>>> print(open('input.cif').read())   # mmCIF, C-alpha atoms
data_data
#
loop_
_atom_site.label_atom_id
_atom_site.label_comp_id
_atom_site.auth_asym_id
_atom_site.auth_seq_id
_atom_site.Cartn_x
_atom_site.Cartn_y
_atom_site.Cartn_z
CA MET A 458 95.55 108.15 121.12
CA ALA A 459 98.74 107.12 122.87
CA THR A 460 102.01 108.63 121.74
CA ASN A 461 104.71 106.92 119.72
CA ALA A 462 106.80 106.57 122.88
CA ALA A 463 103.94 104.95 124.80
CA PHE A 464 103.25 102.49 122.00
CA LEU A 465 106.93 101.62 121.78
CA ALA A 466 107.23 101.13 125.54
CA ALA A 467 104.22 98.81 125.49
CA GLU A 468 105.75 96.82 122.65
CA GLU A 469 109.11 96.45 124.38
CA SER A 470 107.45 95.26 127.60
CA LYS A 471 106.25 92.07 125.90
CA PRO A 472 108.10 89.14 124.36
CA PRO A 473 107.91 89.32 120.55
CA ARG A 474 105.96 86.83 118.51
CA LYS A 475 108.14 84.01 117.22
CA ILE A 476 108.67 84.20 113.47
CA PRO A 477 110.98 82.19 111.19
CA ILE A 478 113.01 85.20 110.09
CA THR A 479 115.62 87.57 111.48
CA VAL A 480 114.30 91.13 111.62
CA GLN A 481 117.51 93.07 112.24
CA PRO A 482 120.16 92.16 109.67
CA LEU A 483 123.82 91.54 110.18
CA TRP A 484 125.75 94.73 109.45
CA GLN A 485 128.96 95.00 107.43
CA ALA A 486 131.45 96.37 109.94
CA GLY A 487 133.98 98.86 108.63
CA LYS A 488 131.85 99.80 105.57
CA SER A 489 129.50 102.72 105.08
CA MET A 490 126.40 103.73 103.15
CA LYS A 491 124.02 106.67 103.24
CA ALA A 492 120.66 106.04 104.93
CA LEU A 493 117.73 108.25 105.97
CA THR A 494 116.89 107.80 109.67
CA TRP A 495 114.07 108.94 111.90
CA GLN A 496 115.30 110.90 114.94
CA ALA A 497 112.23 112.59 116.40
CA LYS A 498 108.95 114.15 115.35
CA GLU A 499 109.55 116.12 112.14
CA CYS A 500 113.27 115.36 112.33
CA VAL A 501 114.84 112.95 109.84
CA ARG A 502 118.57 112.75 109.18
CA LEU A 503 120.71 111.34 106.40
CA VAL A 504 123.59 109.53 108.07
CA ASP A 505 126.55 107.32 107.34
CA HIS A 506 125.47 103.84 108.38
CA GLU A 507 126.92 100.35 108.21
CA PRO A 508 125.33 98.54 105.26
CA PRO A 509 123.29 95.39 105.84
CA ASP A 510 124.61 91.96 104.93
CA LEU A 511 122.97 88.65 104.06
CA THR A 512 121.46 87.33 107.27
CA ASP A 513 119.03 84.52 106.42
CA ASP A 514 119.53 82.02 103.61
CA ALA A 515 116.64 83.40 101.54
CA ASP A 516 117.89 87.01 101.62
CA VAL A 517 119.02 89.17 98.74
CA LEU A 518 120.94 92.45 99.00
CA VAL A 519 119.88 95.24 96.64
CA GLN A 520 121.91 98.28 95.57
CA VAL A 521 119.27 100.98 95.34
CA THR A 522 118.97 102.67 91.95
CA GLY A 523 115.74 104.50 92.75
CA ALA A 524 113.83 105.46 95.89
CA THR A 525 111.03 107.85 96.74
CA VAL A 526 109.03 109.39 99.58
CA CYS A 527 105.48 108.16 100.17
CA GLY A 528 102.54 109.95 101.71
CA SER A 529 102.48 107.26 104.39
CA ASP A 530 106.10 108.14 105.26
CA LEU A 531 104.69 111.43 106.50
CA HIS A 532 102.74 109.61 109.22
CA LEU A 533 106.11 108.55 110.64
CA TYR A 534 107.64 111.96 109.99
CA HIS A 535 104.94 113.50 112.19
CA GLY A 536 105.59 111.03 114.98
CA GLU A 537 102.35 109.09 114.75
CA PRO A 538 102.42 106.00 116.98
CA PHE A 539 104.03 103.44 114.67
CA GLU A 540 106.66 102.59 117.33
CA LEU A 541 109.69 104.38 115.93
CA LYS A 542 113.10 104.50 117.56
CA PRO A 543 115.72 107.18 116.89
CA GLY A 544 118.04 105.82 114.22
CA ASP A 545 115.45 103.63 112.47
CA ILE A 546 115.99 103.60 108.68
CA LEU A 547 112.85 104.77 106.88
CA GLY A 548 111.27 104.06 103.51
CA HIS A 549 109.39 101.20 101.88
CA GLU A 550 109.77 101.81 98.13
CA CYS A 551 112.85 101.04 96.05
CA CYS A 552 114.22 99.36 92.98
CA GLY A 553 117.79 98.34 92.36
CA ILE A 554 120.42 95.83 91.33
CA ILE A 555 121.01 92.60 93.22
CA ASP A 556 124.39 92.74 94.94
CA LYS A 557 124.34 89.41 96.81
CA VAL A 558 122.05 86.38 97.03
CA GLY A 559 121.62 83.87 99.84
CA PRO A 560 122.06 80.13 99.23
CA ALA A 561 118.28 79.45 99.26
CA VAL A 562 117.48 82.04 96.57
CA LYS A 563 116.39 80.44 93.28
CA LYS A 564 114.85 83.19 91.13
CA HIS A 565 117.56 85.86 91.24
CA LYS A 566 121.26 86.27 90.58
CA VAL A 567 123.81 89.04 91.15
CA GLY A 568 123.29 91.86 88.65
CA ASP A 569 119.54 91.36 88.16
CA ARG A 570 117.38 94.48 88.20
CA VAL A 571 114.49 94.16 90.66
CA VAL A 572 111.72 96.14 92.29
CA VAL A 573 111.26 95.45 96.00
CA SER A 574 107.81 94.97 97.50
CA ALA A 575 106.96 97.32 100.37
CA VAL A 576 105.21 94.43 102.10
CA ILE A 577 107.44 91.64 103.42
CA ALA A 578 105.88 88.20 102.96
CA CYS A 579 107.19 84.67 103.46
CA GLY A 580 105.50 83.21 100.39
CA SER A 581 104.61 79.93 102.12
CA CYS A 582 102.05 80.51 104.90
CA ASP A 583 98.32 79.96 104.32
CA TYR A 584 97.69 83.63 103.52
CA CYS A 585 100.58 83.89 101.09
CA LYS A 586 99.46 80.71 99.32
CA LYS A 587 96.07 82.39 98.75
CA GLY A 588 97.74 85.50 97.32
CA LEU A 589 96.91 87.53 100.45
CA PHE A 590 100.53 88.48 101.04
CA SER A 591 99.78 91.43 103.33
CA GLY A 592 98.22 88.92 105.73
CA CYS A 593 101.50 86.99 106.01
CA GLU A 594 101.76 85.16 109.33
CA ASN A 595 105.56 84.88 109.42
CA THR A 596 107.13 88.33 109.10
CA ASN A 597 105.78 90.53 111.90
CA PRO A 598 106.75 89.91 115.55
CA SER A 599 104.63 92.77 116.97
CA ARG A 600 102.60 91.88 120.07
CA ASN A 601 100.95 95.30 120.11
CA MET A 602 99.42 94.73 116.70
CA GLU A 603 98.26 91.26 117.72
CA GLU A 604 96.53 92.68 120.80
CA MET A 605 94.99 95.65 118.96
CA TYR A 606 93.74 93.76 115.93
CA GLY A 607 93.44 90.18 117.16
CA HIS A 608 96.00 89.13 114.54
CA VAL A 609 99.05 90.60 112.83
CA PHE A 610 99.52 91.53 109.22
CA SER A 611 102.84 91.32 107.39
CA GLY A 612 106.04 93.15 108.08
CA ILE A 613 106.75 96.32 106.10
CA PHE A 614 110.09 97.95 105.29
CA GLY A 615 110.93 101.06 107.27
CA TYR A 616 107.50 101.50 108.85
CA GLY A 617 108.10 101.28 112.57
CA HIS A 618 108.20 98.39 114.99
CA ILE A 619 104.45 97.83 114.88
CA THR A 620 105.11 96.41 111.39
CA GLY A 621 108.21 94.50 112.42
CA GLY A 622 110.97 97.08 112.78
CA TYR A 623 112.72 96.22 109.50
CA PRO A 624 115.33 98.70 108.22
CA GLY A 625 113.86 100.61 105.30
CA CYS A 626 114.52 101.33 101.65
CA GLN A 627 115.66 104.95 101.87
CA ALA A 628 119.24 103.72 101.88
CA GLU A 629 121.92 102.83 99.36
CA LEU A 630 121.80 99.11 100.20
CA VAL A 631 118.75 97.13 101.36
CA ARG A 632 118.50 93.60 102.72
CA VAL A 633 115.37 91.92 101.35
CA PRO A 634 114.15 88.88 103.32
CA PHE A 635 112.55 86.05 101.34
CA GLY A 636 114.03 87.51 98.18
CA ASP A 637 112.23 85.17 95.80
CA THR A 638 108.89 86.46 97.11
CA ASN A 639 109.66 90.12 97.77
CA ALA A 640 111.87 91.11 94.82
CA THR A 641 110.50 91.05 91.26
CA HIS A 642 112.53 91.07 88.05
CA ILE A 643 112.34 94.27 85.97
CA PRO A 644 112.18 93.69 82.18
CA ASP A 645 114.93 95.30 80.14
CA ASP A 646 112.48 97.65 78.41
CA VAL A 647 111.06 99.06 81.67
CA SER A 648 113.05 101.93 83.17
CA ASN A 649 113.88 102.29 86.85
CA GLU A 650 111.62 105.34 86.96
CA LYS A 651 108.61 103.32 85.83
CA ALA A 652 109.45 100.17 87.79
CA LEU A 653 110.08 101.86 91.13
CA TYR A 654 106.44 102.64 91.80
CA LEU A 655 105.40 99.00 91.51
CA SER A 656 106.93 98.60 94.95
CA ASP A 657 103.84 100.22 96.41
CA ILE A 658 101.59 102.83 94.84
CA VAL A 659 100.90 101.14 91.49
CA VAL A 660 99.88 97.83 93.04
CA THR A 661 98.20 99.49 96.04
CA SER A 662 95.96 101.60 93.80
CA TYR A 663 95.20 98.58 91.61
CA HIS A 664 94.33 96.55 94.70
CA ALA A 665 91.99 99.28 95.95
CA VAL A 666 90.05 99.28 92.70
CA ARG A 667 89.86 95.48 92.51
CA ASP A 668 89.06 94.94 96.20
CA THR A 669 86.29 97.55 96.18
CA GLY A 670 84.66 95.63 93.30
CA VAL A 671 84.66 98.38 90.67
CA GLN A 672 82.77 97.53 87.46
CA THR A 673 82.84 99.08 83.98
CA GLY A 674 80.44 102.00 83.55
CA GLU A 675 80.02 102.78 87.25
CA THR A 676 80.33 106.12 89.02
CA ILE A 677 83.16 106.03 91.55
CA GLY A 678 84.18 108.57 94.19
CA VAL A 679 87.81 108.94 95.24
CA TRP A 680 88.65 110.80 98.46
CA GLY A 681 92.26 112.02 98.51
CA LEU A 682 94.41 112.77 95.46
CA GLY A 683 97.83 111.91 96.75
CA PRO A 684 99.87 109.50 94.60
CA ILE A 685 97.62 106.53 95.41
CA GLY A 686 94.39 108.45 94.86
CA LEU A 687 95.62 109.77 91.51
CA LEU A 688 96.71 106.31 90.38
CA ILE A 689 93.31 104.98 91.48
CA CYS A 690 91.85 107.49 89.04
CA GLN A 691 94.18 106.19 86.31
CA TRP A 692 93.11 102.59 86.98
CA LEU A 693 89.45 103.64 87.00
CA LYS A 694 89.92 105.17 83.55
CA PHE A 695 91.77 102.01 82.47
CA PHE A 696 88.84 99.82 83.61
CA GLY A 697 86.30 102.00 81.82
CA VAL A 698 84.19 103.45 84.60
CA GLY A 699 81.50 105.91 83.61
CA ARG A 700 82.37 108.84 85.91
CA ILE A 701 85.03 109.66 88.49
CA ILE A 702 84.25 112.12 91.30
CA ALA A 703 87.53 113.16 92.96
CA ILE A 704 87.79 115.08 96.25
CA ASP A 705 90.86 116.95 97.53
CA ARG A 706 92.00 120.47 98.38
CA VAL A 707 95.35 120.80 96.50
CA PRO A 708 94.70 122.70 93.23
CA GLU A 709 97.49 121.03 91.24
CA ARG A 710 96.25 117.56 92.16
CA LEU A 711 92.64 118.38 91.35
CA LYS A 712 93.74 119.72 87.97
CA LEU A 713 95.84 116.62 87.26
CA ALA A 714 92.90 114.32 88.05
CA HIS A 715 90.65 116.33 85.76
CA ASP A 716 93.08 116.81 82.88
CA LYS A 717 94.60 113.31 82.84
CA TYR A 718 91.71 111.12 83.88
CA GLY A 719 88.57 113.15 83.20
CA ALA A 720 87.59 113.34 86.86
CA GLU A 721 84.92 115.73 88.05
CA THR A 722 86.57 117.42 91.02
CA ILE A 723 85.45 118.81 94.35
CA ASN A 724 87.71 121.08 96.38
CA PHE A 725 86.59 120.42 99.93
CA ASP A 726 87.80 123.86 101.03
CA GLU A 727 85.04 125.27 98.81
CA TYR A 728 82.25 122.95 99.97
CA GLU A 729 81.54 122.61 103.67
CA ASN A 730 79.28 119.63 103.02
CA VAL A 731 81.05 117.33 100.55
CA PRO A 732 78.33 114.63 100.44
CA ARG A 733 75.74 117.25 99.56
CA ARG A 734 77.90 118.36 96.62
CA VAL A 735 78.45 114.74 95.54
CA LEU A 736 74.70 114.10 95.58
CA GLU A 737 74.11 117.26 93.54
CA LEU A 738 76.38 115.75 90.89
CA VAL A 739 75.13 112.16 91.33
CA PRO A 740 71.60 112.29 92.81
CA LYS A 741 71.27 108.51 93.18
CA GLY A 742 74.66 108.28 94.86
CA LEU A 743 78.00 106.79 93.96
CA ASP A 744 78.16 103.13 93.01
CA ARG A 745 81.32 102.84 95.09
CA ALA A 746 83.62 105.12 97.04
CA ILE A 747 87.32 104.71 97.82
CA ASP A 748 88.94 106.42 100.80
CA ALA A 749 92.54 107.20 99.89
CA ALA A 750 92.76 110.07 102.40
CA ALA A 751 91.87 108.77 105.91
CA PHE A 752 92.22 111.07 108.91
CA ARG A 753 95.16 113.10 107.56
CA TYR A 754 92.81 115.70 106.15
CA GLU A 755 92.09 116.78 109.74
CA LYS A 756 88.44 117.71 109.71
CA SER A 757 88.53 117.19 113.47
CA THR A 758 91.20 117.00 116.15
CA LYS A 759 91.30 113.24 116.83
CA THR A 760 94.23 111.14 115.63
CA ASP A 761 91.97 108.59 113.90
CA THR A 762 88.65 110.07 112.81
CA SER A 763 85.73 108.73 110.85
CA ASP A 764 85.09 111.96 108.94
CA ILE A 765 86.09 110.65 105.51
CA MET A 766 84.44 107.26 106.04
CA ASN A 767 81.21 109.06 106.95
CA GLU A 768 81.39 111.23 103.83
CA CYS A 769 81.93 108.14 101.69
CA ILE A 770 78.98 106.30 103.27
CA VAL A 771 76.56 109.22 102.91
CA SER A 772 77.66 109.83 99.30
CA THR A 773 77.29 106.18 98.23
CA LYS A 774 74.02 104.70 97.01
CA LYS A 775 72.11 102.12 99.01
CA PHE A 776 73.87 98.73 98.98
CA GLY A 777 76.99 100.27 97.44
CA ASN A 778 80.59 99.59 98.43
CA VAL A 779 83.07 101.76 100.33
CA GLY A 780 86.72 100.68 100.23
CA LEU A 781 89.35 101.93 102.68
CA ILE A 782 92.87 101.88 101.24
CA ALA A 783 94.07 104.86 103.30
CA ASP A 784 95.96 104.08 106.50
CA TYR A 785 94.04 103.91 109.75
CA LEU A 786 95.82 102.85 112.91
CA GLY A 787 93.50 102.63 115.90
CA TYR A 788 90.03 103.68 117.02
CA ALA A 789 87.81 106.34 115.41
CA ASP A 790 85.00 108.21 117.15
CA GLY A 791 81.81 109.48 115.56
CA PHE A 792 81.30 106.71 113.00
CA ASN A 793 77.90 106.98 111.28
CA VAL A 794 76.94 103.39 112.01
CA GLY A 795 73.27 104.12 111.35
CA ALA A 796 73.85 105.17 107.74
CA PHE A 797 76.25 102.26 107.28
CA MET A 798 73.68 99.72 108.52
CA GLU A 799 70.45 101.15 107.16
CA LYS A 800 71.83 101.84 103.67
CA GLY A 801 73.29 98.34 103.48
CA ILE A 802 76.76 99.68 102.72
CA ARG A 803 79.52 97.12 102.20
CA LEU A 804 82.51 98.61 104.03
CA ILE A 805 85.73 96.98 102.81
CA GLY A 806 89.02 97.27 104.65
CA CYS A 807 91.50 96.77 101.81
CA SER A 808 94.46 96.12 104.16
CA GLN A 809 98.01 96.87 103.12
CA ASN A 810 98.60 95.90 99.52
CA PRO A 811 99.21 92.22 98.68
CA GLY A 812 101.39 93.55 95.88
CA GLN A 813 103.13 90.27 95.11
CA ALA A 814 99.78 89.01 93.77
CA TYR A 815 99.52 91.87 91.26
CA VAL A 816 103.04 92.96 90.41
CA ALA A 817 103.53 90.75 87.32
CA GLU A 818 100.21 91.85 85.80
CA CYS A 819 100.81 95.50 86.61
CA MET A 820 104.39 95.33 85.31
CA GLU A 821 103.07 94.07 81.96
CA HIS A 822 100.54 96.92 81.78
CA VAL A 823 103.41 99.35 82.39
CA ARG A 824 105.68 97.61 79.89
CA GLN A 825 103.00 97.71 77.19
CA GLY A 826 102.27 101.39 77.84
CA ARG A 827 98.72 100.76 79.00
CA PHE A 828 99.45 102.28 82.42
CA ASN A 829 101.98 105.02 83.10
CA PRO A 830 103.22 105.73 86.66
CA LEU A 831 105.14 108.71 85.33
CA ASP A 832 101.86 110.62 84.98
CA ILE A 833 102.23 111.64 88.62
CA VAL A 834 106.04 111.80 88.97
CA THR A 835 106.68 115.52 89.14
CA HIS A 836 110.25 115.88 90.44
CA ARG A 837 113.66 114.19 90.44
CA PHE A 838 116.11 114.86 93.27
CA ARG A 839 119.40 113.49 94.51
CA PHE A 840 119.18 111.01 97.34
CA GLU A 841 121.54 113.27 99.28
CA ASP A 842 118.74 115.88 99.41
CA ILE A 843 116.16 113.58 100.99
CA GLU A 844 115.89 115.52 104.27
CA GLU A 845 114.70 118.59 102.37
CA VAL A 846 112.53 116.46 100.09
CA TYR A 847 110.59 115.28 103.16
CA LYS A 848 109.93 118.88 104.17
CA ARG A 849 108.81 119.88 100.70
CA PHE A 850 106.65 116.79 100.22
CA ASP A 851 105.00 117.41 103.58
CA GLN A 852 104.10 120.97 102.60
CA LYS A 853 102.61 119.87 99.23
CA LYS A 854 103.96 123.05 97.66
CA GLY A 855 105.20 123.80 94.19
CA GLY A 856 103.10 121.11 92.52
CA ILE A 857 104.98 118.18 94.02
CA VAL A 858 103.05 114.91 93.79
CA LYS A 859 105.63 112.11 93.68
CA PRO A 860 109.43 112.40 93.50
CA PHE A 861 112.11 110.08 92.13
CA LEU A 862 115.32 109.98 94.18
CA GLU A 863 118.44 108.98 92.28
CA THR A 864 121.50 107.42 93.92
CA HIS A 865 125.02 107.03 92.60
CA PHE A 866 123.93 103.55 91.38
CA SER A 867 121.16 105.00 89.19
CA ALA A 868 121.08 104.51 85.44
CA PRO A 869 120.78 107.50 83.09
CA ARG A 870 117.41 109.23 83.35
CA ASP A 871 114.39 107.95 81.47
CA PRO A 872 113.71 110.87 79.07
CA GLN A 873 109.97 110.60 79.86
CA SER A 874 110.67 111.43 83.52
CA PRO A 875 111.38 114.85 85.05
CA PRO A 876 114.94 116.23 84.86
CA LEU A 877 117.16 116.36 87.92
CA GLN A 878 116.44 119.35 90.15
CA ARG A 879 119.43 120.33 92.26
CA ASP A 880 117.68 123.00 94.32
CA VAL A 881 114.88 121.21 96.19
CA TRP A 882 113.11 124.47 96.98
CA VAL A 883 113.57 126.32 93.69
CA ASP A 884 109.88 126.65 92.84
CA VAL A 885 108.59 126.77 96.42
CA GLN A 886 109.94 130.19 97.44
CA THR A 887 107.22 132.73 98.13
#
>>> encode(input="input.cif", output="structure tokens")
Amino acid sequence: MATNAAFLAAEESKPPRKIPITVQPLWQAGKSMKALTWQAKECVRLVDHEPPDLTDDADVLVQVTGATVCGSDLHLYHGEPFELKPGDILGHECCGIIDKVGPAVKKHKVGDRVVVSAVIACGSCDYCKKGLFSGCENTNPSRNMEEMYGHVFSGIFGYGHITGGYPGCQAELVRVPFGDTNATHIPDDVSNEKALYLSDIVVTSYHAVRDTGVQTGETIGVWGLGPIGLLICQWLKFFGVGRIIAIDRVPERLKLAHDKYGAETINFDEYENVPRRVLELVPKGLDRAIDAAAFRYEKSTKTDTSDIMNECIVSTKKFGNVGLIADYLGYADGFNVGAFMEKGIRLIGCSQNPGQAYVAECMEHVRQGRFNPLDIVTHRFRFEDIEEVYKRFDQKKGGIVKPFLETHFSAPRDPQSPPLQRDVWVDVQT
């Protein structure tokens, strides 16, 4: 697949799509904030940066009280072709306090606590009106995406210029376009630590389960036990499935899935043929499978591969469903189209999460204690340490699953969440 630089050059050679929104914000000259920027492959840097200002009438500005690093941030960290430029601000998950509101904002006021959606949607196009916010027509100017996919999906914070080129959420101040649509009020009895993850992984995992059509009592396979895969397991338990078969290679994550959610686990380092092992456990096959891993588990050398999709298809019963919530970017060789067709598999591309459609419902489950994002939050670090957090998160060492990054705007720690760890590498030394 083409390199990041080649993708970016192709993008910049074309006029952008016209959208009713300003992508790059106005910047507050003479002021400074801390922001995490991409510089090159495996090189991110925390810098002093001018803070954004209100730019369009529907904007809100958010002082960040909590941020994190996502598994999908690692795609950018490794220089995959998402059209990154040196100096781009990364990150798509944050919560915070509203600092300013534009004149068209109706739902929010200065001082409100909000969680910011990773996906940027206008709230008024045909897709948004149907609740399919990740299909928004009005927030992504990328011509490359339009040519590759036939259409564009929504913009995303801090996720390269193929998703719009918006400055990200790993910063002390974030400009949120269409604030009434993309910022959601946090109830007083929900902590920042619990609310933060509704920006992405809570609603993404919920969407994967719903979109794949999971039913009570079924047997479901989950490939990949990163934060989204683990929260998929939590939602599967919540919805009362019969069995969960979970596949990964990281011992701590396999143990967490088993101990917390009752999953039967398969370490793919121990089984060369994962579908054979699945069918030993479930001879008739899985009712449904969910791919939360994609090509990042590198069972071959291509950038996009069909390895995990093929395992899901072979492991799933005839006329079952396979849902893809993991990120794929381009073309994949070696797809087992015969098994897909002859078994009558329903292959579902779940898209990026239309989180705005689910956030209120998921927030209430969190508020009532029916769903707990803190199950998978293993570490708390200072935002100032984010460069090292990326390295540690990438290595998956020391039991790290999902971190919480506190800023100087953060409230006192939720006692249910991990304590602050000042040495990022304290339990990683070998």
>>> resolve_selection(input="input.cif", expression="the PyMOL selection byres ((chain A and resi 768-781) around 7)", output="PyMOL selection string")
chain A and resi 665+669+731-732+735-736+741-749+764-767+782-783+796-797+800-807
>>> atom_distance(input="input.cif", atom1="atom CA of Asp657 of chain A", atom2="atom CA of Asp851 of chain A")
18.7 Å
>>> closest_atom_pairs(input="input.cif", of="segment 655-747 of chain A", to="segment 572-587 of chain A", cutoff="12 Å", atoms="all atoms listed in the file", output="tab-separated table")
residue	atom	partner	partner_atom	distance
A:Leu655	CA	A:Val572	CA	7.0
A:Ser656	CA	A:Ser574	CA	4.5
A:Asp657	CA	A:Ala575	CA	5.8
A:Ile658	CA	A:Ala575	CA	9.5
A:Val659	CA	A:Ser574	CA	11.0
A:Val660	CA	A:Ser574	CA	9.5
A:Thr661	CA	A:Ala575	CA	10.0
>>> closest_atom_pairs(input="input.cif", of="segment 563-635 of chain A", to="segment 458-481 of chain A", cutoff="10 Å", atoms="all atoms listed in the file", output="JSON lines")
{"residue": "A:Cys579", "atom": "CA", "partner": "A:Ile478", "partner_atom": "CA", "distance": 8.8}
{"residue": "A:Glu594", "atom": "CA", "partner": "A:Ile476", "partner_atom": "CA", "distance": 8.1}
{"residue": "A:Asn595", "atom": "CA", "partner": "A:Ile476", "partner_atom": "CA", "distance": 5.2}
{"residue": "A:Thr596", "atom": "CA", "partner": "A:Ile476", "partner_atom": "CA", "distance": 6.2}
{"residue": "A:Asn597", "atom": "CA", "partner": "A:Ile476", "partner_atom": "CA", "distance": 7.1}
{"residue": "A:Pro598", "atom": "CA", "partner": "A:Arg474", "partner_atom": "CA", "distance": 4.3}
{"residue": "A:Ser599", "atom": "CA", "partner": "A:Pro473", "partner_atom": "CA", "distance": 6.0}
{"residue": "A:Arg600", "atom": "CA", "partner": "A:Pro473", "partner_atom": "CA", "distance": 5.9}
{"residue": "A:Asn601", "atom": "CA", "partner": "A:Glu468", "partner_atom": "CA", "distance": 5.6}
{"residue": "A:Met602", "atom": "CA", "partner": "A:Glu468", "partner_atom": "CA", "distance": 8.9}
{"residue": "A:Glu603", "atom": "CA", "partner": "A:Arg474", "partner_atom": "CA", "distance": 8.9}
{"residue": "A:Val609", "atom": "CA", "partner": "A:Arg474", "partner_atom": "CA", "distance": 9.7}
{"residue": "A:Gly612", "atom": "CA", "partner": "A:Val480", "partner_atom": "CA", "distance": 9.2}
{"residue": "A:Gly617", "atom": "CA", "partner": "A:Leu465", "partner_atom": "CA", "distance": 9.3}
{"residue": "A:His618", "atom": "CA", "partner": "A:Leu465", "partner_atom": "CA", "distance": 7.6}
{"residue": "A:Ile619", "atom": "CA", "partner": "A:Glu468", "partner_atom": "CA", "distance": 7.9}
{"residue": "A:Gly621", "atom": "CA", "partner": "A:Val480", "partner_atom": "CA", "distance": 7.0}
{"residue": "A:Gly622", "atom": "CA", "partner": "A:Val480", "partner_atom": "CA", "distance": 6.9}
{"residue": "A:Tyr623", "atom": "CA", "partner": "A:Val480", "partner_atom": "CA", "distance": 5.7}
{"residue": "A:Pro624", "atom": "CA", "partner": "A:Gln481", "partner_atom": "CA", "distance": 7.3}
{"residue": "A:Arg632", "atom": "CA", "partner": "A:Gln481", "partner_atom": "CA", "distance": 9.6}
{"residue": "A:Pro634", "atom": "CA", "partner": "A:Ile478", "partner_atom": "CA", "distance": 7.8}
{"residue": "A:Phe635", "atom": "CA", "partner": "A:Ile478", "partner_atom": "CA", "distance": 8.8}
>>> resolve_selection(input="input.cif", expression="the PyMOL selection byres ((chain A and resi 679) around 8)", output="ChimeraX atom specification")
/A:677-678,680-682,686,689-690,701-704,746-749
>>> atom_distance(input="input.cif", atom1="atom CA of Glu737 of chain A", atom2="atom CA of Met798 of chain A")
23.1 Å
>>> axis_aligned_box(input="input.cif", around="segment 624-637 of chain A", padding_each_side="6 Å", output="JSON")
{"center_x": 117.1, "center_y": 95.1, "center_z": 102.0, "size_x": 21.7, "size_y": 31.8, "size_z": 24.4}
>>> closest_residue(input="input.cif", among="A:Ala515, A:Ala497, A:Met490, A:Leu687", to="Pro538 of chain A", atoms="all atoms listed in the file")
A:Ala497
>>> closest_atom_pairs(input="input.cif", of="segment 498-578 of chain A", to="segment 822-838 of chain A", cutoff="12 Å", atoms="all atoms listed in the file", output="CSV")
residue,atom,partner,partner_atom,distance
A:Gly523,CA,A:Arg837,CA,10.2
A:Ala524,CA,A:Phe838,CA,10.0
A:Thr525,CA,A:Arg837,CA,9.3
A:Val526,CA,A:Phe838,CA,10.9
A:Cys527,CA,A:Val834,CA,11.8
>>> closest_residue(input="input.cif", among="A:Phe792, A:Glu727, A:Ile857, A:His506", to="Lys488 of chain A", atoms="all atoms listed in the file")
A:His506
>>> resolve_selection(input="input.cif", expression="the PyMOL selection byres ((chain A and resi 813) around 9)", output="MDAnalysis selection string")
chainID A and resid 574 576 578 588:591 638:641 660 810:812 814:817
>>> closest_residue(input="input.cif", among="A:Val707, A:Cys626, A:Met605, A:Ala492", to="Gly787 of chain A", atoms="all atoms listed in the file")
A:Met605
>>> closest_residue(input="input.cif", among="A:Phe695, A:Tyr606, A:Tyr663, A:Tyr847", to="Lys859 of chain A", atoms="all atoms listed in the file")
A:Tyr847
>>> build_atoms(input="input.cif", residues="segment 507-516 of chain A", atoms="N, CA and C atoms", output="PDB file, in the frame of the given file")
ATOM      1  N   GLU A 507     126.423 101.634 108.705  1.00  0.00           N
ATOM      2  CA  GLU A 507     126.920 100.350 108.210  1.00  0.00           C
ATOM      3  C   GLU A 507     125.879  99.737 107.278  1.00  0.00           C
ATOM      4  N   PRO A 508     126.301  99.186 106.144  1.00  0.00           N
ATOM      5  CA  PRO A 508     125.330  98.540 105.260  1.00  0.00           C
ATOM      6  C   PRO A 508     124.919  97.170 105.782  1.00  0.00           C
ATOM      7  N   PRO A 509     123.724  96.725 105.428  1.00  0.00           N
ATOM      8  CA  PRO A 509     123.290  95.390 105.840  1.00  0.00           C
ATOM      9  C   PRO A 509     124.044  94.314 105.072  1.00  0.00           C
ATOM     10  N   ASP A 510     124.013  93.111 105.606  1.00  0.00           N
ATOM     11  CA  ASP A 510     124.610  91.960 104.930  1.00  0.00           C
ATOM     12  C   ASP A 510     123.560  90.852 104.860  1.00  0.00           C
ATOM     13  N   LEU A 511     123.825  89.828 104.057  1.00  0.00           N
ATOM     14  CA  LEU A 511     122.970  88.650 104.060  1.00  0.00           C
ATOM     15  C   LEU A 511     122.885  88.100 105.473  1.00  0.00           C
ATOM     16  N   THR A 512     121.689  87.770 105.894  1.00  0.00           N
ATOM     17  CA  THR A 512     121.460  87.330 107.270  1.00  0.00           C
ATOM     18  C   THR A 512     120.786  85.966 107.312  1.00  0.00           C
ATOM     19  N   ASP A 513     119.705  85.811 106.565  1.00  0.00           N
ATOM     20  CA  ASP A 513     119.030  84.520 106.420  1.00  0.00           C
ATOM     21  C   ASP A 513     119.298  83.966 105.026  1.00  0.00           C
ATOM     22  N   ASP A 514     119.163  82.671 104.871  1.00  0.00           N
ATOM     23  CA  ASP A 514     119.530  82.020 103.610  1.00  0.00           C
ATOM     24  C   ASP A 514     118.731  82.502 102.413  1.00  0.00           C
ATOM     25  N   ALA A 515     117.505  82.978 102.648  1.00  0.00           N
ATOM     26  CA  ALA A 515     116.640  83.400 101.540  1.00  0.00           C
ATOM     27  C   ALA A 515     116.753  84.881 101.215  1.00  0.00           C
ATOM     28  N   ASP A 516     117.724  85.574 101.831  1.00  0.00           N
ATOM     29  CA  ASP A 516     117.890  87.010 101.620  1.00  0.00           C
ATOM     30  C   ASP A 516     118.518  87.328 100.268  1.00  0.00           C
TER      31      ASP A 516
END
